[in-house]
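Presented below is the structure to which this report refers.
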Protein chains: 2
Amino acid sequence: MIDRLLAKLRRRDEISAEEEEALRDAVTETAELRADVTFIRRGQRLHQSTLLLSGLMCRYKDLRNGERQVTELHVAGDFADLHSFTLKTLDHELMTLTPCTIGLVPHEKLTRITERFPHLTRVLWFQTNLDAAIHREWEVSLGRRDAAARLAHLFCELQVRLEIVGMAEADGYDLALTQTDLSECVGITPVHVNRSLKLLREDGLAEFRERRVTLLDRAGLERAAEFDPGYLYLEPRLA
Amino acid sequence: MIDRLLAKLRRRDEISAEEEEALRDAVTETAELRADVTFIRRGQRLHQSTLLLSGLMCRYKDLRNGERQVTELHVAGDFADLHSFTLKTLDHELMTLTPCTIGLVPHEKLTRITERFPHLTRVLWFQTNLDAAIHREWEVSLGRRDAAARLAHLFCELQVRLEIVGMAEADGYDLALTQTDLSECVGITPVHVNRSLKLLREDGLAEFRERRVTLLDRAGLERAAEFDPGYLYLEPRLA
DNA sequence: CGCAATCTTGAATCATTTCAACATAAGTGG
DNA sequence: CCACTTATGTTGAAATGATTCAAGATTGCG
């Protein structure tokens with residue numbers, strides 16, 4: 001059940017049998033959520049963290065005029081709001097994009113982990129730092145890349161993140177987003193997403209059709225996006 | 001010496017005398033750095049973290065064409081690369097913007113803290129999550145705010161962060177940046193920074209002259225920027 | 001004083017947005 | 001199963017915010 005989380009953690013560090021047990025024990029409950037539900041709102045006091053077992057979620061912030069900026073996408077295996085453990089309250093909303101299965105992890109369980117499992121604590125801390133690294137790379141996209149490169153970069157990132165949890169093929173993956181969802185990730189209008197996707201398609205780099213991303217030329221796509229997977233910290237580092 | 005760090009930590013949580021002692025003990029060395037030095041490069045294996053005691057620093061990433069995106073500014077009291085403790089390597093560069101005094105904290109000291117001081121560990125973990133929250137807010141600026149609002153928002157953020165460590169007056173603060181530095185923070189060209197600063201000045205909101213930010217109308221500036229300090233987590237939360 | 005960095009402004013250009021129309025796909029109820 | 005509605009995708013043309021290029025003004029520094 002927490003296999004995808006374990007795959008993600010073990011990609012970077014060793015997790016002992018006891019640590020694995022502590023993690024399994026930490027998930028006290030599971031739940032199903034339907035698509036397009038904002039189930040955590042900014043400012044709300046939280047007492048548990050959400051482990052995404054299957055489905056797609058996003059963190060976002062809205063502006064007064066209704067514009068929305070998605071700050072991160074979450075795929076199966078991600079701890080969608082592990083940071084609420086130390087923050088207690090979030091500065092953003094958290095919503096499902098597809099139907100999702102989640103595991104609930106009470107903050108007391110995490111406190112216990114910090115008291116008894118220093119290494120596992122560092123591994124979890126690492127995961128929140130990985131989210132921060134993803135935020136940084138999105139800052140670069142939003143600040144410096146043009147529309148097509150932003151989309152290309154996002155497609156590259158998701159290919160790698162989904163591969164880690166066994167949810168991507170060599171040439172692409174399912175991605176149940178609309179062009180409007182994409183526009184909220186990359187900070188452009190839906191209309192311009194449409195035009196930019198057309199460009200990527202015409203350049204033979206990538207295609208987004210029927211809720212699936214197809215990497216037509218992965219190397220070329222990565223070049224166009226200036227994608228360097230370093231920020232995803234794929235090599236083991238043994239904290 | 002680590003007073004500003006302590007002020008920052010105590011703003012959000014209680015730090016016991018022992019914990020304070022553990023922190024003091026963790027800083028094994030201090031150093032002076034001159035301005036405009038990139039002293040940590042992406043990919044470099046790190047064995048210590050950098051505590052900024054005085055001065056101004058930034059994290060940034062460069063693109064092939066030479067464009068630079070600053071992903072966060074650091075002020076006195078910030079742990080500029082606490083995340084290197086779990087990441088081991090950074091995905092970005094770290095550079096001084098002014099002459100800086102830094103404290104060096106070996107990662108073994110931090111490992112010790114995770115083994116003996118669970119609460120202090122959570123407090124430090126919180127700090128890296130706070131950096132992530134700042135990244136998120138910058139994503140919103142870069143993705144959705146126009147040029148003037150991005151600058152306005154940055155000025156508001158720094159006012160609050162500098163107040164916490166006693167380095168801002170009620171109406172503004174010293175900020176030793178050039179307009180080009182600002183442009184690398186907010187993702188626009190230096191020329192457009194200049195024009196946008198003019199707008200803010202003409203609207204009576206804020207002024208940036210002679211390396212000093214003056215908030216002419218703080219409430220108005222915050223309104224223009226849609227600044228909500230929630231993401232800076234200013235209230236105590238007792239982890 | 002004089003050079004170099006920084007700031008300022010104007011005018012032309014460009015990427016993206018806006019507005020609008022139409023096409024396609026998906027979902028609902030009769 | 002079709003008619004109808006709604007969400008999503010596509011394209012064109014005009015408008016806009018930001019960039020680029022260029023020149024001149026100001027400031028800081030050896």
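Chain labels A, B, ... are given in the sequence in which chains occur in the structure tokens; within each chain residues are numbered consecutively from 1, and ligands are likewise numbered from 1 in the order shown.
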
Determine, for each residue of chain D having at least one atom at most 9 Å from an atom of chain B, the closest pair of atoms and their separation in Å to one decimal, counting only C-alpha atoms (C1' of nucleotides); order by chain and ascending number, as a Markdown table.
| residue | atom | partner | partner_atom | distance |
| --- | --- | --- | --- | --- |
| D:DG17 | C1' | B:Asp146 | CA | 8.3 |
| D:DA18 | C1' | B:His192 | CA | 7.1 |
| D:DT19 | C1' | B:Thr189 | CA | 7.2 |

Can I get the selection written as a short mmCIF file (atom, residue, chain, number, x, y, z; two decimals), in the first residue's frame, with N, CA and C atoms (P, O5', C5', C4', C3', O3' and C1' of nucleotides)?
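Now in selection_24.cif:
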data_model
loop_
_atom_site.label_atom_id
_atom_site.label_comp_id
_atom_site.auth_asym_id
_atom_site.auth_seq_id
_atom_site.Cartn_x
_atom_site.Cartn_y
_atom_site.Cartn_z
P DG D 17 -1.05 46.48 -20.19
"O5'" DG D 17 0.12 45.56 -19.67
"C5'" DG D 17 -0.07 44.15 -19.57
"C4'" DG D 17 1.29 43.51 -19.61
"C3'" DG D 17 2.35 44.22 -18.79
"O3'" DG D 17 3.09 43.19 -18.16
"C1'" DG D 17 3.02 44.16 -21.07
P DA D 18 4.34 43.44 -17.25
"O5'" DA D 18 5.56 43.12 -18.22
"C5'" DA D 18 5.66 41.81 -18.78
"C4'" DA D 18 6.82 41.77 -19.74
"C3'" DA D 18 8.14 42.33 -19.20
"O3'" DA D 18 9.10 41.29 -19.32
"C1'" DA D 18 7.64 43.24 -21.34
P DT D 19 10.69 41.53 -19.25
"O5'" DT D 19 11.08 41.73 -20.78
"C5'" DT D 19 10.82 40.68 -21.71
"C4'" DT D 19 11.50 40.97 -23.02
"C3'" DT D 19 13.01 41.24 -22.92
"O3'" DT D 19 13.63 40.45 -23.93
"C1'" DT D 19 11.94 43.04 -24.03
#

Mind listing as a CSV table (one decimal) with C-alpha atoms, in the first residue's frame which residues of chain B are within 12 Å of chain C, counting only C-alpha atoms (C1' of nucleotides)?
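Ended up saving to part_35.csv:
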chain,number,residue,atom,x,y,z
B,177,LEU,CA,21.0,45.4,-4.3
B,178,THR,CA,21.2,46.8,-7.8
B,179,GLN,CA,18.2,47.0,-10.1
B,180,THR,CA,19.8,44.1,-12.0
B,181,ASP,CA,19.9,42.0,-8.9
B,190,PRO,CA,16.6,45.4,-15.5
B,191,VAL,CA,15.1,48.0,-17.8
B,192,HIS,CA,11.7,47.0,-16.8
B,193,VAL,CA,12.6,46.9,-13.1
B,194,ASN,CA,13.5,50.6,-13.5
B,195,ARG,CA,10.2,51.5,-15.1
B,196,SER,CA,8.2,49.5,-12.6
B,197,LEU,CA,10.1,51.1,-9.7
B,198,LYS,CA,9.1,54.4,-11.2
B,208,PHE,CA,14.1,52.3,-3.9
B,209,ARG,CA,16.9,54.7,-3.8
B,210,GLU,CA,20.5,54.7,-2.6
B,211,ARG,CA,20.3,51.1,-1.6

Residues of chain B near chain A: apply a cut-off of 8 Å, count only C-alpha atoms, and supply the list as a ChimeraX atom specification.
-> /B:43,61,63-64,67-69,71,83,86-88,90-91,114-115,118,121-123,125-126,128-133,135-136,138-140,142-144,186-188,226,230-231,233,237,239

Only N, CA and C atoms, please: the residues just picked out, written as a tab-separated table (two decimals), in the first residue's frame.
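Generated output (result_39.tsv):
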chain	number	residue	atom	x	y	z
B	43	GLY	N	25.91	20.83	-7.08
B	43	GLY	CA	26.54	19.54	-7.30
B	43	GLY	C	27.70	19.24	-6.37
B	61	LYS	N	19.92	30.08	-9.92
B	61	LYS	CA	20.22	29.11	-10.97
B	61	LYS	C	20.40	29.88	-12.27
B	63	LEU	N	20.69	29.82	-16.55
B	63	LEU	CA	20.37	29.07	-17.76
B	63	LEU	C	21.53	29.20	-18.73
B	64	ARG	N	21.49	28.38	-19.77
B	64	ARG	CA	22.57	28.36	-20.75
B	64	ARG	C	22.86	29.72	-21.35
B	67	GLU	N	20.98	33.83	-18.58
B	67	GLU	CA	19.96	34.40	-17.71
B	67	GLU	C	20.01	33.72	-16.35
B	68	ARG	N	19.71	34.52	-15.34
B	68	ARG	CA	19.79	34.02	-13.98
B	68	ARG	C	18.46	34.18	-13.28
B	69	GLN	N	18.06	33.17	-12.53
B	69	GLN	CA	16.89	33.32	-11.68
B	69	GLN	C	17.31	33.13	-10.23
B	71	THR	N	16.31	32.34	-6.59
B	71	THR	CA	15.16	31.61	-6.05
B	71	THR	C	14.84	32.00	-4.62
B	83	HIS	N	19.26	23.04	4.10
B	83	HIS	CA	18.79	21.90	3.31
B	83	HIS	C	19.92	21.02	2.79
B	86	THR	N	20.34	17.44	4.50
B	86	THR	CA	19.74	16.19	4.01
B	86	THR	C	19.99	15.97	2.52
B	87	LEU	N	20.19	17.05	1.79
B	87	LEU	CA	20.36	16.88	0.34
B	87	LEU	C	21.80	16.51	-0.05
B	88	LYS	N	22.75	16.88	0.81
B	88	LYS	CA	24.18	16.59	0.60
B	88	LYS	C	24.84	17.41	-0.49
B	90	LEU	N	23.72	20.67	-3.44
B	90	LEU	CA	22.64	21.58	-3.78
B	90	LEU	C	22.35	21.57	-5.28
B	91	ASP	N	21.14	21.96	-5.60
B	91	ASP	CA	20.73	22.04	-7.01
B	91	ASP	C	20.87	23.47	-7.52
B	114	THR	N	19.71	15.69	15.54
B	114	THR	CA	18.57	14.81	15.23
B	114	THR	C	18.53	13.59	16.15
B	115	GLU	N	19.70	13.23	16.71
B	115	GLU	CA	19.72	12.07	17.59
B	115	GLU	C	19.34	12.41	19.03
B	118	PRO	N	14.99	15.93	19.52
B	118	PRO	CA	13.88	15.80	18.55
B	118	PRO	C	13.12	17.12	18.35
B	121	THR	N	15.14	19.43	16.35
B	121	THR	CA	15.14	18.92	14.98
B	121	THR	C	13.91	19.40	14.24
B	122	ARG	N	12.75	19.31	14.90
B	122	ARG	CA	11.51	19.76	14.26
B	122	ARG	C	11.55	21.27	13.98
B	123	VAL	N	12.18	22.00	14.90
B	123	VAL	CA	12.29	23.44	14.70
B	123	VAL	C	13.16	23.75	13.47
B	125	TRP	N	13.74	21.67	10.97
B	125	TRP	CA	12.96	21.17	9.82
B	125	TRP	C	11.95	22.23	9.41
B	126	PHE	N	11.28	22.81	10.40
B	126	PHE	CA	10.35	23.91	10.13
B	126	PHE	C	11.01	25.00	9.30
B	128	THR	N	13.41	24.86	7.13
B	128	THR	CA	13.54	24.54	5.70
B	128	THR	C	12.16	24.54	5.04
B	129	ASN	N	11.13	24.20	5.81
B	129	ASN	CA	9.78	24.27	5.24
B	129	ASN	C	9.34	25.71	5.02
B	130	LEU	N	9.87	26.59	5.85
B	130	LEU	CA	9.59	28.01	5.67
B	130	LEU	C	10.24	28.51	4.36
B	131	ASP	N	11.45	28.06	4.10
B	131	ASP	CA	12.08	28.40	2.82
B	131	ASP	C	11.20	27.93	1.66
B	132	ALA	N	10.67	26.73	1.80
B	132	ALA	CA	9.81	26.19	0.73
B	132	ALA	C	8.57	27.07	0.56
B	133	ALA	N	8.03	27.56	1.67
B	133	ALA	CA	6.83	28.42	1.60
B	133	ALA	C	7.18	29.71	0.86
B	135	HIS	N	9.53	29.97	-1.40
B	135	HIS	CA	9.61	29.57	-2.82
B	135	HIS	C	8.22	29.57	-3.45
B	136	ARG	N	7.26	29.02	-2.75
B	136	ARG	CA	5.90	28.95	-3.31
B	136	ARG	C	5.36	30.34	-3.60
B	138	TRP	N	7.01	32.95	-4.22
B	138	TRP	CA	7.72	33.48	-5.39
B	138	TRP	C	7.19	32.86	-6.68
B	139	GLU	N	6.80	31.60	-6.63
B	139	GLU	CA	6.19	31.00	-7.81
B	139	GLU	C	4.94	31.78	-8.20
B	140	VAL	N	4.15	32.16	-7.20
B	140	VAL	CA	2.94	32.92	-7.47
B	140	VAL	C	3.31	34.27	-8.11
B	142	LEU	N	6.06	35.06	-9.78
B	142	LEU	CA	6.64	34.87	-11.10
B	142	LEU	C	5.60	34.40	-12.11
B	143	GLY	N	4.63	33.62	-11.64
B	143	GLY	CA	3.65	33.08	-12.55
B	143	GLY	C	2.48	34.00	-12.82
B	144	ARG	N	2.12	34.81	-11.82
B	144	ARG	CA	0.85	35.52	-11.94
B	144	ARG	C	0.86	37.02	-11.70
B	186	VAL	N	12.87	38.86	-9.63
B	186	VAL	CA	11.47	38.91	-10.02
B	186	VAL	C	11.22	38.50	-11.47
B	187	GLY	N	12.27	38.07	-12.16
B	187	GLY	CA	12.08	37.49	-13.48
B	187	GLY	C	11.68	38.46	-14.57
B	188	ILE	N	12.18	39.68	-14.49
B	188	ILE	CA	11.97	40.63	-15.59
B	188	ILE	C	13.32	41.27	-15.92
B	226	GLU	N	-0.96	42.25	-3.21
B	226	GLU	CA	-1.74	41.15	-2.62
B	226	GLU	C	-0.86	40.38	-1.66
B	230	GLY	N	0.80	35.34	5.72
B	230	GLY	CA	0.55	34.00	6.23
B	230	GLY	C	1.68	33.02	5.89
B	231	TYR	N	2.21	33.15	4.70
B	231	TYR	CA	3.25	32.20	4.26
B	231	TYR	C	4.56	32.35	5.01
B	233	TYR	N	4.55	32.52	8.31
B	233	TYR	CA	4.30	31.78	9.55
B	233	TYR	C	4.83	32.52	10.76
B	237	ARG	N	4.05	28.27	16.81
B	237	ARG	CA	3.27	27.06	16.54
B	237	ARG	C	3.70	25.85	17.36
B	239	ALA	N	6.16	23.21	17.79
B	239	ALA	CA	6.33	21.88	17.18
B	239	ALA	C	6.75	20.86	18.24

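Atom pair atom CA of A:Leu56 / atom CA of A:Val75: separated by 5.1 Å.
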
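You will find atom CA of B:Leu216 at 22.5 Å from atom CA of B:Leu73.
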
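Residues with any atom within 8 Å of stretch 156-172 of chain B, counting only C-alpha atoms (C1' of nucleotides) and excluding same-chain neighbours fewer than 5 positions away, are Arg4, Leu5, Ala7, Lys8, Arg11, Val75, Ala76, Gly77, Arg212, Val213, Thr214, Leu215, Leu216, Arg218, Leu221, Glu222, Phe227 and Pro229 of chain B.
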
Writing out the chosen residues with C-alpha atoms as a PDB file, in the first residue's frame:
ATOM      1  CA  ARG B   4      19.392  36.726  14.949  1.00  0.00           C
ATOM      2  CA  LEU B   5      18.933  33.028  14.309  1.00  0.00           C
ATOM      3  CA  ALA B   7      15.190  35.613  17.281  1.00  0.00           C
ATOM      4  CA  LYS B   8      13.936  33.943  14.125  1.00  0.00           C
ATOM      5  CA  ARG B  11       9.380  33.920  16.850  1.00  0.00           C
ATOM      6  CA  VAL B  75      19.063  37.905   5.387  1.00  0.00           C
ATOM      7  CA  ALA B  76      20.934  37.782   8.693  1.00  0.00           C
ATOM      8  CA  GLY B  77      19.687  34.952  10.869  1.00  0.00           C
ATOM      9  CA  ARG B 212      17.324  51.639   0.624  1.00  0.00           C
ATOM     10  CA  VAL B 213      13.690  50.579   0.360  1.00  0.00           C
ATOM     11  CA  THR B 214      11.236  53.132   1.732  1.00  0.00           C
ATOM     12  CA  LEU B 215       7.642  52.065   2.174  1.00  0.00           C
ATOM     13  CA  LEU B 216       5.743  55.245   1.471  1.00  0.00           C
ATOM     14  CA  ARG B 218       2.708  50.162   3.539  1.00  0.00           C
ATOM     15  CA  LEU B 221       1.820  48.534  -1.112  1.00  0.00           C
ATOM     16  CA  GLU B 222       0.540  45.348   0.479  1.00  0.00           C
ATOM     17  CA  PHE B 227       0.680  40.507   0.183  1.00  0.00           C
ATOM     18  CA  PRO B 229       2.122  37.355   5.371  1.00  0.00           C
TER      19      PRO B 229
END

Running DSSP on the backbone, which parts of stretch 109-218 of chain B land in alpha helix (DSSP H), as a PyMOL selection string?
-> chain B and resi 109-116+118-144+147-164+179-186+190-202+218

Output C-alpha atoms of each residue in that selection to a file, as a tab-separated table (two decimals), in the first residue's frame.
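For reference, part08.tsv as written:
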chain	number	residue	atom	x	y	z
B	109	LYS	CA	26.60	18.43	14.55
B	110	LEU	CA	23.21	18.45	12.89
B	111	THR	CA	23.12	14.66	12.88
B	112	ARG	CA	23.76	14.82	16.63
B	113	ILE	CA	20.90	17.21	17.03
B	114	THR	CA	18.57	14.81	15.23
B	115	GLU	CA	19.72	12.07	17.59
B	116	ARG	CA	19.42	13.98	20.85
B	118	PRO	CA	13.88	15.80	18.55
B	119	HIS	CA	12.14	19.07	19.26
B	120	LEU	CA	15.03	21.16	18.02
B	121	THR	CA	15.14	18.92	14.98
B	122	ARG	CA	11.51	19.76	14.26
B	123	VAL	CA	12.29	23.44	14.70
B	124	LEU	CA	15.10	23.24	12.15
B	125	TRP	CA	12.96	21.17	9.82
B	126	PHE	CA	10.35	23.91	10.13
B	127	GLN	CA	12.91	26.42	8.93
B	128	THR	CA	13.54	24.54	5.70
B	129	ASN	CA	9.78	24.27	5.24
B	130	LEU	CA	9.59	28.01	5.67
B	131	ASP	CA	12.08	28.40	2.82
B	132	ALA	CA	9.81	26.19	0.73
B	133	ALA	CA	6.83	28.42	1.60
B	134	ILE	CA	8.82	31.43	0.41
B	135	HIS	CA	9.61	29.57	-2.82
B	136	ARG	CA	5.90	28.95	-3.31
B	137	GLU	CA	5.04	32.58	-2.87
B	138	TRP	CA	7.72	33.48	-5.39
B	139	GLU	CA	6.19	31.00	-7.81
B	140	VAL	CA	2.94	32.92	-7.47
B	141	SER	CA	4.73	36.21	-8.13
B	142	LEU	CA	6.64	34.87	-11.10
B	143	GLY	CA	3.65	33.08	-12.55
B	144	ARG	CA	0.85	35.52	-11.94
B	147	ALA	CA	6.18	43.47	-12.79
B	148	ALA	CA	5.24	46.21	-10.33
B	149	ALA	CA	3.36	43.79	-8.08
B	150	ARG	CA	6.31	41.42	-8.04
B	151	LEU	CA	8.59	44.16	-6.79
B	152	ALA	CA	5.97	45.37	-4.33
B	153	HIS	CA	5.58	41.87	-2.99
B	154	LEU	CA	9.30	41.39	-2.59
B	155	PHE	CA	9.57	44.67	-0.70
B	156	CYS	CA	6.78	43.60	1.65
B	157	GLU	CA	8.35	40.20	2.26
B	158	LEU	CA	11.72	41.67	3.13
B	159	GLN	CA	10.17	44.25	5.43
B	160	VAL	CA	8.68	41.45	7.52
B	161	ARG	CA	11.71	39.19	7.42
B	162	LEU	CA	14.04	42.01	8.39
B	163	GLU	CA	11.74	43.19	11.17
B	164	ILE	CA	11.96	39.75	12.75
B	179	GLN	CA	18.22	46.97	-10.10
B	180	THR	CA	19.81	44.13	-12.02
B	181	ASP	CA	19.85	42.02	-8.85
B	182	LEU	CA	16.18	42.78	-8.38
B	183	SER	CA	15.48	41.81	-11.97
B	184	GLU	CA	17.02	38.40	-11.32
B	185	CYS	CA	14.71	37.93	-8.34
B	186	VAL	CA	11.47	38.91	-10.02
B	190	PRO	CA	16.61	45.39	-15.52
B	191	VAL	CA	15.12	48.04	-17.76
B	192	HIS	CA	11.65	46.99	-16.83
B	193	VAL	CA	12.55	46.94	-13.14
B	194	ASN	CA	13.53	50.56	-13.54
B	195	ARG	CA	10.22	51.47	-15.14
B	196	SER	CA	8.24	49.49	-12.59
B	197	LEU	CA	10.05	51.13	-9.67
B	198	LYS	CA	9.11	54.44	-11.19
B	199	LEU	CA	5.48	53.37	-11.20
B	200	LEU	CA	5.58	52.39	-7.54
B	201	ARG	CA	7.22	55.71	-6.72
B	202	GLU	CA	4.68	57.71	-8.72
B	218	ARG	CA	2.71	50.16	3.54

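Here atom CA of B:His107 stands at a distance of 12.3 Å from atom CA of B:Leu23.
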